[in-house]
$ cat data.pdb   # PDB, C-alpha atoms
ATOM      1  CA  MET A   1    -138.366  30.347 -97.305
ATOM      2  CA  ARG A   2    -137.655  30.277 -93.572
ATOM      3  CA  ASN A   3    -134.741  27.850 -94.025
ATOM      4  CA  ALA A   4    -133.326  29.814 -96.921
ATOM      5  CA  ALA A   5    -133.435  33.037 -94.918
ATOM      6  CA  ALA A   6    -131.803  31.367 -91.960
ATOM      7  CA  LEU A   7    -128.975  30.029 -94.119
ATOM      8  CA  SER A   8    -128.171  33.552 -95.230
ATOM      9  CA  VAL A   9    -127.515  34.668 -91.645
ATOM     10  CA  PRO A  10    -123.937  34.329 -90.317
ATOM     11  CA  CYS A  11    -123.567  31.529 -87.794
ATOM     12  CA  GLY A  12    -122.943  33.761 -84.781
ATOM     13  CA  MET A  13    -125.846  36.007 -85.657
ATOM     14  CA  MET A  14    -128.122  32.974 -86.049
ATOM     15  CA  ARG A  15    -127.371  31.935 -82.482
ATOM     16  CA  ASP A  16    -128.265  35.421 -81.292
ATOM     17  CA  VAL A  17    -131.585  35.374 -83.166
ATOM     18  CA  THR A  18    -132.415  31.959 -81.723
ATOM     19  CA  GLN A  19    -131.678  33.225 -78.228
ATOM     20  CA  ARG A  20    -133.866  36.302 -78.686
ATOM     21  CA  THR A  21    -136.860  34.316 -79.871
ATOM     22  CA  ARG A  22    -136.944  31.697 -77.098
ATOM     23  CA  ARG A  23    -140.206  31.791 -75.148
ATOM     24  CA  LEU A  24    -139.788  32.018 -71.385
ATOM     25  CA  MET A  25    -142.496  30.904 -68.957
ATOM     26  CA  LEU A  26    -142.336  32.146 -65.375
ATOM     27  CA  LEU A  27    -144.431  30.388 -62.742
ATOM     28  CA  ASP A  28    -145.648  32.150 -59.622
ATOM     29  CA  THR A  29    -145.204  28.793 -57.922
ATOM     30  CA  ALA A  30    -146.885  29.465 -54.575
ATOM     31  CA  SER A  31    -149.902  30.974 -56.327
ATOM     32  CA  LEU A  32    -150.233  27.803 -58.392
ATOM     33  CA  TYR A  33    -149.723  25.262 -55.640
ATOM     34  CA  PHE A  34    -152.240  27.097 -53.440
ATOM     35  CA  ARG A  35    -154.730  26.808 -56.312
ATOM     36  CA  ALA A  36    -153.858  23.142 -56.736
ATOM     37  CA  TYR A  37    -154.313  22.557 -53.006
ATOM     38  CA  PHE A  38    -157.797  24.047 -52.976
ATOM     39  CA  GLY A  39    -158.746  22.648 -56.386
ATOM     40  CA  VAL A  40    -157.701  19.006 -55.946
ATOM     41  CA  PRO A  41    -159.447  16.922 -53.239
ATOM     42  CA  ASP A  42    -157.367  16.160 -50.137
ATOM     43  CA  SER A  43    -158.346  12.528 -50.637
ATOM     44  CA  VAL A  44    -155.405  12.415 -53.080
ATOM     45  CA  LYS A  45    -152.797  10.921 -50.763
ATOM     46  CA  ALA A  46    -149.402   9.252 -50.639
ATOM     47  CA  PRO A  47    -149.147   5.563 -49.661
ATOM     48  CA  ASP A  48    -148.631   6.588 -46.035
ATOM     49  CA  GLY A  49    -151.836   8.636 -46.053
ATOM     50  CA  THR A  50    -150.197  12.078 -46.356
ATOM     51  CA  PRO A  51    -152.164  14.426 -48.648
ATOM     52  CA  VAL A  52    -150.318  15.199 -51.882
ATOM     53  CA  ASN A  53    -153.110  17.089 -53.659
ATOM     54  CA  ALA A  54    -150.984  20.239 -54.053
ATOM     55  CA  VAL A  55    -148.018  18.247 -55.375
ATOM     56  CA  ARG A  56    -149.980  16.293 -57.942
ATOM     57  CA  GLY A  57    -152.139  19.258 -58.844
ATOM     58  CA  LEU A  58    -149.096  21.422 -59.550
ATOM     59  CA  LEU A  59    -147.539  18.688 -61.707
ATOM     60  CA  ASP A  60    -150.763  18.500 -63.695
ATOM     61  CA  PHE A  61    -150.782  22.297 -64.023
ATOM     62  CA  ILE A  62    -147.229  22.310 -65.419
ATOM     63  CA  THR A  63    -148.089  19.506 -67.835
ATOM     64  CA  ARG A  64    -151.029  21.460 -69.222
ATOM     65  CA  LEU A  65    -149.040  24.697 -69.447
ATOM     66  CA  VAL A  66    -146.213  23.033 -71.367
ATOM     67  CA  GLN A  67    -148.647  21.239 -73.673
ATOM     68  CA  ASP A  68    -150.626  24.369 -74.466
ATOM     69  CA  HIS A  69    -147.875  26.995 -74.638
ATOM     70  CA  ARG A  70    -144.657  25.122 -75.449
ATOM     71  CA  PRO A  71    -142.131  27.347 -73.660
ATOM     72  CA  ASP A  72    -138.446  26.907 -74.436
ATOM     73  CA  ASP A  73    -137.467  27.988 -70.939
ATOM     74  CA  LEU A  74    -139.364  27.624 -67.684
ATOM     75  CA  VAL A  75    -138.642  28.887 -64.170
ATOM     76  CA  ALA A  76    -140.553  28.007 -61.021
ATOM     77  CA  CYS A  77    -140.193  31.272 -59.086
ATOM     78  CA  MET A  78    -140.347  30.938 -55.303
ATOM     79  CA  ASP A  79    -140.949  33.148 -52.264
ATOM     80  CA  ALA A  80    -137.643  33.068 -50.394
ATOM     81  CA  ASP A  81    -139.233  35.779 -48.253
ATOM     82  CA  TRP A  82    -142.986  36.181 -48.645
ATOM     83  CA  ARG A  83    -143.012  39.408 -46.549
ATOM     84  CA  PRO A  84    -139.696  41.232 -47.062
ATOM     85  CA  HIS A  85    -138.638  43.477 -44.197
ATOM     86  CA  TRP A  86    -137.871  46.363 -46.543
ATOM     87  CA  ARG A  87    -141.510  46.411 -47.632
ATOM     88  CA  VAL A  88    -142.800  46.102 -44.066
ATOM     89  CA  GLU A  89    -140.619  49.040 -42.971
ATOM     90  CA  LEU A  90    -142.419  51.212 -45.513
ATOM     91  CA  ILE A  91    -145.949  49.905 -44.856
ATOM     92  CA  PRO A  92    -146.151  47.953 -41.558
ATOM     93  CA  SER A  93    -149.571  46.513 -42.436
ATOM     94  CA  TYR A  94    -148.121  44.780 -45.494
ATOM     95  CA  LYS A  95    -149.404  41.160 -45.328
ATOM     96  CA  ALA A  96    -149.563  41.497 -41.514
ATOM     97  CA  HIS A  97    -152.859  39.590 -41.312
ATOM     98  CA  ARG A  98    -151.172  36.528 -42.837
ATOM     99  CA  VAL A  99    -148.405  36.240 -40.232
ATOM    100  CA  ALA A 100    -148.619  32.974 -38.259
ATOM    101  CA  GLU A 101    -145.496  33.657 -36.188
ATOM    102  CA  GLU A 102    -143.151  36.627 -35.983
ATOM    103  CA  VAL A 103    -139.451  35.791 -36.347
ATOM    104  CA  PRO A 104    -137.321  38.700 -35.020
ATOM    105  CA  GLN A 105    -134.129  37.768 -36.852
ATOM    106  CA  GLY A 106    -135.633  36.204 -39.954
ATOM    107  CA  ALA A 107    -138.620  35.881 -42.239
ATOM    108  CA  ASP A 108    -141.968  35.741 -40.441
ATOM    109  CA  ALA A 109    -143.817  32.446 -40.754
ATOM    110  CA  GLU A 110    -146.794  32.624 -43.086
ATOM    111  CA  GLU A 111    -150.147  31.170 -42.159
ATOM    112  CA  ILE A 112    -150.505  28.085 -44.370
ATOM    113  CA  PRO A 113    -152.997  25.210 -44.108
ATOM    114  CA  ASP A 114    -151.593  22.395 -41.970
ATOM    115  CA  THR A 115    -151.823  19.840 -44.761
ATOM    116  CA  LEU A 116    -150.241  22.132 -47.361
ATOM    117  CA  SER A 117    -147.012  23.151 -45.607
ATOM    118  CA  PRO A 118    -145.550  19.577 -45.604
ATOM    119  CA  GLN A 119    -146.150  19.367 -49.345
ATOM    120  CA  VAL A 120    -143.991  22.376 -50.209
ATOM    121  CA  PRO A 121    -140.623  20.586 -49.629
ATOM    122  CA  VAL A 122    -141.922  17.679 -51.729
ATOM    123  CA  ILE A 123    -142.772  20.082 -54.558
ATOM    124  CA  GLU A 124    -139.302  21.585 -54.363
ATOM    125  CA  ALA A 125    -137.604  18.170 -54.376
ATOM    126  CA  VAL A 126    -139.644  16.971 -57.360
ATOM    127  CA  LEU A 127    -138.903  20.117 -59.382
ATOM    128  CA  ASP A 128    -135.203  19.759 -58.609
ATOM    129  CA  ALA A 129    -135.121  16.081 -59.596
ATOM    130  CA  LEU A 130    -136.957  16.908 -62.840
ATOM    131  CA  GLY A 131    -134.427  19.622 -63.630
ATOM    132  CA  ILE A 132    -136.997  22.426 -63.773
ATOM    133  CA  ALA A 133    -135.254  25.632 -62.703
ATOM    134  CA  ARG A 134    -136.433  26.742 -59.263
ATOM    135  CA  VAL A 135    -135.358  30.205 -58.134
ATOM    136  CA  GLY A 136    -135.939  32.083 -54.907
ATOM    137  CA  VAL A 137    -133.724  34.904 -53.651
ATOM    138  CA  GLU A 138    -133.266  35.907 -50.017
ATOM    139  CA  ALA A 139    -135.202  39.050 -49.008
ATOM    140  CA  TYR A 140    -137.372  38.949 -52.131
ATOM    141  CA  GLU A 141    -140.764  37.592 -53.110
ATOM    142  CA  ALA A 142    -141.451  35.422 -56.135
ATOM    143  CA  ASP A 143    -142.996  38.514 -57.776
ATOM    144  CA  ASP A 144    -139.609  40.221 -57.641
ATOM    145  CA  VAL A 145    -137.854  37.199 -59.120
ATOM    146  CA  ILE A 146    -140.440  37.150 -61.906
ATOM    147  CA  GLY A 147    -140.003  40.886 -62.480
ATOM    148  CA  THR A 148    -136.243  40.544 -62.819
ATOM    149  CA  PHE A 149    -136.397  37.573 -65.180
ATOM    150  CA  ALA A 150    -138.929  39.491 -67.281
ATOM    151  CA  ALA A 151    -136.735  42.597 -67.307
ATOM    152  CA  ARG A 152    -133.760  40.567 -68.530
ATOM    153  CA  ALA A 153    -135.659  38.513 -71.097
ATOM    154  CA  THR A 154    -134.770  38.974 -74.753
ATOM    155  CA  GLY A 155    -137.790  37.096 -76.086
ATOM    156  CA  PRO A 156    -141.490  36.692 -75.308
ATOM    157  CA  VAL A 157    -142.489  35.966 -71.702
ATOM    158  CA  ASP A 158    -145.550  34.217 -70.298
ATOM    159  CA  ILE A 159    -146.132  34.869 -66.579
ATOM    160  CA  VAL A 160    -148.502  32.357 -64.995
ATOM    161  CA  THR A 161    -150.012  33.705 -61.791
ATOM    162  CA  GLY A 162    -153.237  34.164 -59.874
ATOM    163  CA  ASP A 163    -151.899  37.453 -58.491
ATOM    164  CA  ARG A 164    -153.139  40.577 -60.247
ATOM    165  CA  ASP A 165    -150.134  42.552 -58.953
ATOM    166  CA  LEU A 166    -148.125  41.114 -61.824
ATOM    167  CA  TYR A 167    -150.329  42.833 -64.397
ATOM    168  CA  GLN A 168    -147.861  45.691 -64.014
ATOM    169  CA  LEU A 169    -145.328  43.702 -66.047
ATOM    170  CA  VAL A 170    -147.527  43.421 -69.142
ATOM    171  CA  ASP A 171    -145.722  44.915 -72.142
ATOM    172  CA  ASP A 172    -146.963  44.206 -75.662
ATOM    173  CA  GLU A 173    -143.876  45.654 -77.317
ATOM    174  CA  ARG A 174    -141.650  43.185 -75.455
ATOM    175  CA  GLY A 175    -144.099  40.297 -75.706
ATOM    176  CA  ILE A 176    -144.706  40.057 -71.952
ATOM    177  CA  ARG A 177    -148.172  38.851 -70.982
ATOM    178  CA  VAL A 178    -149.832  37.401 -67.898
ATOM    179  CA  LEU A 179    -151.726  34.108 -68.059
ATOM    180  CA  TYR A 180    -154.223  34.303 -65.205
ATOM    181  CA  PRO A 181    -155.931  31.023 -64.245
ATOM    182  CA  LEU A 182    -159.713  31.253 -64.180
ATOM    183  CA  LYS A 183    -160.321  27.541 -63.677
ATOM    184  CA  GLY A 184    -157.322  25.315 -63.010
ATOM    185  CA  VAL A 185    -154.927  26.169 -65.809
ATOM    186  CA  GLY A 186    -157.136  24.820 -68.550
ATOM    187  CA  THR A 187    -158.878  28.188 -68.784
ATOM    188  CA  LEU A 188    -156.450  31.092 -68.710
ATOM    189  CA  GLN A 189    -157.178  34.772 -69.119
ATOM    190  CA  THR A 190    -154.548  36.158 -71.475
ATOM    191  CA  THR A 191    -153.750  39.582 -70.086
ATOM    192  CA  ASP A 192    -152.204  41.988 -72.578
ATOM    193  CA  GLU A 193    -152.321  45.761 -72.878
ATOM    194  CA  ALA A 194    -155.627  45.756 -74.760
ATOM    195  CA  TRP A 195    -157.257  43.710 -72.003
ATOM    196  CA  LEU A 196    -155.824  45.984 -69.287
ATOM    197  CA  ARG A 197    -157.046  49.122 -71.004
ATOM    198  CA  GLU A 198    -160.521  47.680 -71.509
ATOM    199  CA  LYS A 199    -160.759  46.441 -67.918
ATOM    200  CA  TYR A 200    -158.928  49.161 -65.977
ATOM    201  CA  GLY A 201    -158.115  51.949 -68.434
ATOM    202  CA  VAL A 202    -154.357  51.636 -67.790
ATOM    203  CA  ASP A 203    -151.302  49.951 -69.263
ATOM    204  CA  GLY A 204    -148.886  47.723 -67.334
ATOM    205  CA  PRO A 205    -146.922  50.438 -65.506
ATOM    206  CA  GLY A 206    -150.163  52.317 -64.854
ATOM    207  CA  TYR A 207    -151.490  49.333 -62.964
ATOM    208  CA  VAL A 208    -149.059  50.116 -60.118
ATOM    209  CA  ASP A 209    -150.676  53.523 -59.607
ATOM    210  CA  LEU A 210    -154.162  52.044 -59.858
ATOM    211  CA  ALA A 211    -153.363  49.283 -57.342
ATOM    212  CA  LEU A 212    -151.845  51.537 -54.705
ATOM    213  CA  LEU A 213    -154.669  54.074 -54.931
ATOM    214  CA  ARG A 214    -157.319  51.352 -54.743
ATOM    215  CA  GLY A 215    -155.503  49.367 -52.070
ATOM    216  CA  ASP A 216    -155.547  45.615 -51.608
ATOM    217  CA  PRO A 217    -156.857  44.065 -48.370
ATOM    218  CA  SER A 218    -155.331  40.691 -49.291
ATOM    219  CA  ASP A 219    -151.874  42.300 -49.126
ATOM    220  CA  GLY A 220    -152.616  44.693 -46.269
ATOM    221  CA  LEU A 221    -152.360  47.761 -48.505
ATOM    222  CA  PRO A 222    -154.766  50.423 -47.215
ATOM    223  CA  GLY A 223    -155.053  52.478 -50.386
ATOM    224  CA  VAL A 224    -156.451  56.000 -50.296
ATOM    225  CA  PRO A 225    -159.720  56.062 -48.306
ATOM    226  CA  GLY A 226    -162.739  56.676 -50.489
ATOM    227  CA  ILE A 227    -160.911  55.971 -53.740
ATOM    228  CA  GLY A 228    -161.886  52.633 -55.181
ATOM    229  CA  GLU A 229    -160.936  51.020 -58.462
ATOM    230  CA  LYS A 230    -163.283  53.014 -60.694
ATOM    231  CA  THR A 231    -162.393  56.355 -59.123
ATOM    232  CA  ALA A 232    -158.685  55.538 -59.336
ATOM    233  CA  ALA A 233    -159.071  54.723 -63.047
ATOM    234  CA  LYS A 234    -160.917  58.002 -63.662
ATOM    235  CA  LEU A 235    -158.248  60.007 -61.827
ATOM    236  CA  LEU A 236    -155.474  58.341 -63.818
ATOM    237  CA  ASP A 237    -157.332  59.014 -67.052
ATOM    238  CA  ALA A 238    -157.741  62.672 -66.082
ATOM    239  CA  PHE A 239    -154.273  63.364 -64.706
ATOM    240  CA  GLY A 240    -152.048  60.775 -66.380
ATOM    241  CA  ASP A 241    -150.286  59.128 -63.485
ATOM    242  CA  LEU A 242    -149.813  59.263 -59.731
ATOM    243  CA  ALA A 243    -147.490  62.251 -59.948
ATOM    244  CA  GLY A 244    -150.085  64.107 -62.019
ATOM    245  CA  ILE A 245    -152.806  63.318 -59.491
ATOM    246  CA  MET A 246    -150.728  64.568 -56.572
ATOM    247  CA  ALA A 247    -149.838  67.698 -58.525
ATOM    248  CA  ALA A 248    -153.563  68.268 -58.995
ATOM    249  CA  VAL A 249    -153.998  68.144 -55.215
ATOM    250  CA  ASP A 250    -151.810  71.238 -54.985
ATOM    251  CA  ASP A 251    -153.533  72.987 -57.882
ATOM    252  CA  PRO A 252    -156.684  74.778 -56.683
ATOM    253  CA  LYS A 253    -157.877  74.979 -60.302
ATOM    254  CA  SER A 254    -157.785  71.222 -60.859
ATOM    255  CA  LYS A 255    -161.054  69.339 -61.196
ATOM    256  CA  LEU A 256    -160.659  67.163 -58.123
ATOM    257  CA  THR A 257    -163.690  67.091 -55.885
ATOM    258  CA  PRO A 258    -163.187  68.566 -52.410
ATOM    259  CA  SER A 259    -163.360  65.115 -50.810
ATOM    260  CA  GLN A 260    -160.857  63.639 -53.279
ATOM    261  CA  ARG A 261    -158.452  66.520 -52.685
ATOM    262  CA  ARG A 262    -158.746  66.123 -48.918
ATOM    263  CA  ARG A 263    -158.316  62.349 -48.913
ATOM    264  CA  LEU A 264    -155.329  62.441 -51.240
ATOM    265  CA  ASP A 265    -153.762  65.222 -49.200
ATOM    266  CA  GLU A 266    -154.217  63.248 -45.996
ATOM    267  CA  SER A 267    -152.664  60.177 -47.670
ATOM    268  CA  ARG A 268    -149.423  61.839 -48.786
ATOM    269  CA  ALA A 269    -147.250  59.746 -46.470
ATOM    270  CA  TYR A 270    -148.763  56.519 -47.804
ATOM    271  CA  VAL A 271    -148.608  57.661 -51.441
ATOM    272  CA  ALA A 272    -144.933  58.552 -51.031
ATOM    273  CA  VAL A 273    -143.863  55.016 -50.061
ATOM    274  CA  ALA A 274    -146.519  52.797 -51.653
ATOM    275  CA  PRO A 275    -144.982  52.714 -55.162
ATOM    276  CA  LYS A 276    -141.847  50.997 -53.849
ATOM    277  CA  VAL A 277    -143.964  48.432 -52.019
ATOM    278  CA  VAL A 278    -146.373  47.721 -54.890
ATOM    279  CA  ARG A 279    -143.863  47.815 -57.748
ATOM    280  CA  VAL A 280    -142.054  44.511 -58.241
ATOM    281  CA  ALA A 281    -138.285  44.681 -58.172
ATOM    282  CA  GLY A 282    -136.463  44.382 -61.469
ATOM    283  CA  ASP A 283    -132.941  44.158 -60.109
ATOM    284  CA  VAL A 284    -132.926  41.019 -57.940
ATOM    285  CA  PRO A 285    -129.478  39.317 -57.869
ATOM    286  CA  LEU A 286    -130.518  36.163 -59.694
ATOM    287  CA  PRO A 287    -128.340  33.052 -59.508
ATOM    288  CA  ASP A 288    -126.793  31.585 -62.633
ATOM    289  CA  VAL A 289    -129.305  28.880 -63.528
ATOM    290  CA  ASP A 290    -130.140  26.779 -66.569
ATOM    291  CA  THR A 291    -133.701  27.740 -67.458
ATOM    292  CA  ALA A 292    -134.089  25.434 -70.466
ATOM    293  CA  LEU A 293    -137.119  23.177 -70.227
ATOM    294  CA  PRO A 294    -135.695  19.716 -69.499
ATOM    295  CA  ARG A 295    -136.406  16.821 -71.837
ATOM    296  CA  GLU A 296    -135.190  14.196 -69.392
ATOM    297  CA  PRO A 297    -135.091  14.285 -65.568
ATOM    298  CA  ARG A 298    -131.917  15.630 -64.018
ATOM    299  CA  ASP A 299    -131.867  12.959 -61.311
ATOM    300  CA  PRO A 300    -133.902   9.912 -62.394
ATOM    301  CA  ALA A 301    -133.053   7.860 -59.282
ATOM    302  CA  ALA A 302    -134.178  10.620 -56.911
ATOM    303  CA  LEU A 303    -137.323  11.114 -58.982
ATOM    304  CA  ASP A 304    -138.145   7.415 -58.806
ATOM    305  CA  ASP A 305    -137.758   7.491 -55.020
ATOM    306  CA  LEU A 306    -139.995  10.547 -54.737
ATOM    307  CA  ALA A 307    -142.607   9.014 -57.032
ATOM    308  CA  ALA A 308    -142.733   5.822 -54.972
ATOM    309  CA  ARG A 309    -142.715   7.506 -51.570
ATOM    310  CA  TRP A 310    -145.357  10.100 -52.388
ATOM    311  CA  GLY A 311    -147.472   8.146 -54.854
ATOM    312  CA  LEU A 312    -147.110  10.662 -57.663
ATOM    313  CA  GLY A 313    -148.339   8.159 -60.236
ATOM    314  CA  GLY A 314    -150.001   9.440 -63.375
ATOM    315  CA  SER A 315    -149.381  13.114 -62.591
ATOM    316  CA  LEU A 316    -145.621  12.660 -62.793
ATOM    317  CA  GLN A 317    -145.781  10.284 -65.750
ATOM    318  CA  ARG A 318    -147.894  12.701 -67.762
ATOM    319  CA  LEU A 319    -145.426  15.499 -67.116
ATOM    320  CA  LEU A 320    -142.440  13.321 -68.044
ATOM    321  CA  SER A 321    -144.135  12.287 -71.288
ATOM    322  CA  THR A 322    -144.928  15.899 -72.123
ATOM    323  CA  LEU A 323    -141.367  17.054 -71.422
ATOM    324  CA  HIS A 324    -139.986  14.252 -73.579
ATOM    325  CA  THR A 325    -141.980  15.215 -76.678
TER     326      THR A 325
END
$ encode --input "data.pdb" --output "structure tokens"
Amino acid sequence: MRNAAALSVPCGMMRDVTQRTRRLMLLDTASLYFRAYFGVPDSVKAPDGTPVNAVRGLLDFITRLVQDHRPDDLVACMDADWRPHWRVELIPSYKAHRVAEEVPQGADAEEIPDTLSPQVPVIEAVLDALGIARVGVEAYEADDVIGTFAARATGPVDIVTGDRDLYQLVDDERGIRVLYPLKGVGTLQTTDEAWLREKYGVDGPGYVDLALLRGDPSDGLPGVPGIGEKTAAKLLDAFGDLAGIMAAVDDPKSKLTPSQRRRLDESRAYVAVAPKVVRVAGDVPLPDVDTALPREPRDPAALDDLAARWGLGGSLQRLLSTLHT
């Protein structure tokens, strides 16, 4: 029946339907290679003794993701700027505790383990030689690249990340979900709207309001003092959204407690700018890139050189076999 129905569709329309139903997978690449680095022993080394645990771990992650979820398109999204100046201008504490070195005329250097930072260029070179799309955009984080790809997608989207900030992109109607690694990538928490509502009482867009009220020490976001996750969820349930909560601050008849009203009132400056910092961008100027999952490596000779130099062995072979099937 499927073939018969397809044959009844005009050729041009069939191409459009095919395009709409392609499954896109977006990797929060840094999140995954950090997990690989800490999850794979540093005894995994190249022939010259250089640790390659993050490289091989990430390759194994991608293999498992492709095997289990069979995306048609895949993009390794990168942090071209892990701490964009436009976010720091709004909230100076944003990721400040993770700065290793301030760079006045450029992106600040992030504090990264000494044996991880040399592996990042290797990861990038291997992805490029494989032909897996790798996208980072100046002045934006990987989250923003992911948000823009998701906004433009015409089919279902799987976002693979260990960063809860991206829960804000969950949208059942558009088929956008977050796959959150619980253990490696063999055990993934599938985050959809039902899961968000059960866990936090909000939908995807509501997670932005919840996150900024609660704050996030790992990102240097102070939140509203005295308002934790549960209180934030209760306020959002009572007043709808952030705008409704702030309107309640000005309404003496609202059912805010005196301490909640005072703390929210004192946090007006933060609340005014935090949404722009917490919300991922959906309008990043993405480059024109082929996102189709490759079946064969783009540059076999370069890949062979990388495999030999860095001792990528079975991790690379397993990924190549999986891509070829």
$ residues_around --input "data.pdb" --residues "A:Arg164" --least-positions-apart "2" --cutoff "12 Å" --atoms "only C-alpha atoms" --output "VMD selection string"
chain A and resid 28 31 143 159 to 162 166 to 170 177 to 181 189 191 196 200 204 207 to 208 210 to 211 216 218 to 219 278 280
$ atom_distance --input "data.pdb" --atom1 "atom CA of A:Tyr33" --atom2 "atom CA of A:Val202"
29.4 Å
$ resolve_selection --input "data.pdb" --expression "the PyMOL selection byres ((chain A and resi 226) around 10)" --output "list in words"
Leu213, Arg214, Gly223, Val224, Pro225, Ile227, Gly228, Glu229, Thr231, Ala232, Ser259, Gln260, Arg263 and Leu264 of chain A
$ atom_distance --input "data.pdb" --atom1 "atom CA of A:Pro71" --atom2 "atom CA of A:Leu24"
5.7 Å
$ resolve_selection --input "data.pdb" --expression "the PyMOL selection byres ((chain A and resi 127) around 12)" --output "number ranges by chain"
A: 29, 55-56, 58-59, 62, 74-78, 120-126, 128-135, 293-294, 297-300, 302-303, 306-307, 316, 319-320
$ resolve_selection --input "data.pdb" --expression "the PyMOL selection byres ((chain A and resi 295) around 6)" --output "PDB file with C-alpha atoms, keeping the file's coordinate frame"
ATOM      1  CA  PRO A 294    -135.695  19.716 -69.499  1.00  0.00           C
ATOM      2  CA  GLU A 296    -135.190  14.196 -69.392  1.00  0.00           C
ATOM      3  CA  LEU A 323    -141.367  17.054 -71.422  1.00  0.00           C
ATOM      4  CA  HIS A 324    -139.986  14.252 -73.579  1.00  0.00           C
TER       5      HIS A 324
END
$ decode --input "data.pdb" --residues "stretch 36-41 of chain A" --atoms "all heavy atoms" --output "compact mmCIF listing (two decimals), in the first residue's frame"
# COMPACT_ATOMS: atom_id res chain seq x y z
N ALA A 36 32.84 11.59 26.69
CA ALA A 36 33.74 10.53 26.25
C ALA A 36 35.06 10.60 27.00
O ALA A 36 35.61 9.58 27.43
CB ALA A 36 33.96 10.64 24.74
N TYR A 37 35.56 11.82 27.16
CA TYR A 37 36.85 12.02 27.84
C TYR A 37 36.82 11.47 29.26
O TYR A 37 37.75 10.80 29.71
CB TYR A 37 37.19 13.51 27.84
CG TYR A 37 38.46 13.84 28.62
CD1 TYR A 37 39.71 13.64 28.07
CD2 TYR A 37 38.36 14.37 29.92
CE1 TYR A 37 40.86 13.95 28.79
CE2 TYR A 37 39.51 14.68 30.64
CZ TYR A 37 40.75 14.47 30.06
OH TYR A 37 41.89 14.76 30.78
N PHE A 38 35.73 11.76 29.97
CA PHE A 38 35.64 11.32 31.36
C PHE A 38 35.13 9.89 31.49
O PHE A 38 35.28 9.27 32.54
CB PHE A 38 34.75 12.27 32.16
CG PHE A 38 35.39 13.60 32.42
CD1 PHE A 38 34.94 14.75 31.77
CD2 PHE A 38 36.45 13.73 33.29
CE1 PHE A 38 35.53 15.99 31.99
CE2 PHE A 38 37.06 14.96 33.53
CZ PHE A 38 36.60 16.09 32.88
N GLY A 39 34.56 9.35 30.40
CA GLY A 39 34.01 8.00 30.47
C GLY A 39 34.93 6.91 29.94
O GLY A 39 34.74 5.74 30.25
N VAL A 40 35.92 7.31 29.13
CA VAL A 40 36.86 6.34 28.54
C VAL A 40 38.21 6.54 29.22
O VAL A 40 38.69 7.67 29.33
CB VAL A 40 36.98 6.55 27.01
CG1 VAL A 40 37.99 5.57 26.42
CG2 VAL A 40 35.61 6.37 26.34
N PRO A 41 38.87 5.48 29.67
CA PRO A 41 40.14 5.63 30.39
C PRO A 41 41.20 6.35 29.55
O PRO A 41 41.26 6.18 28.33
CB PRO A 41 40.57 4.18 30.66
CG PRO A 41 39.32 3.38 30.56
CD PRO A 41 38.44 4.07 29.56
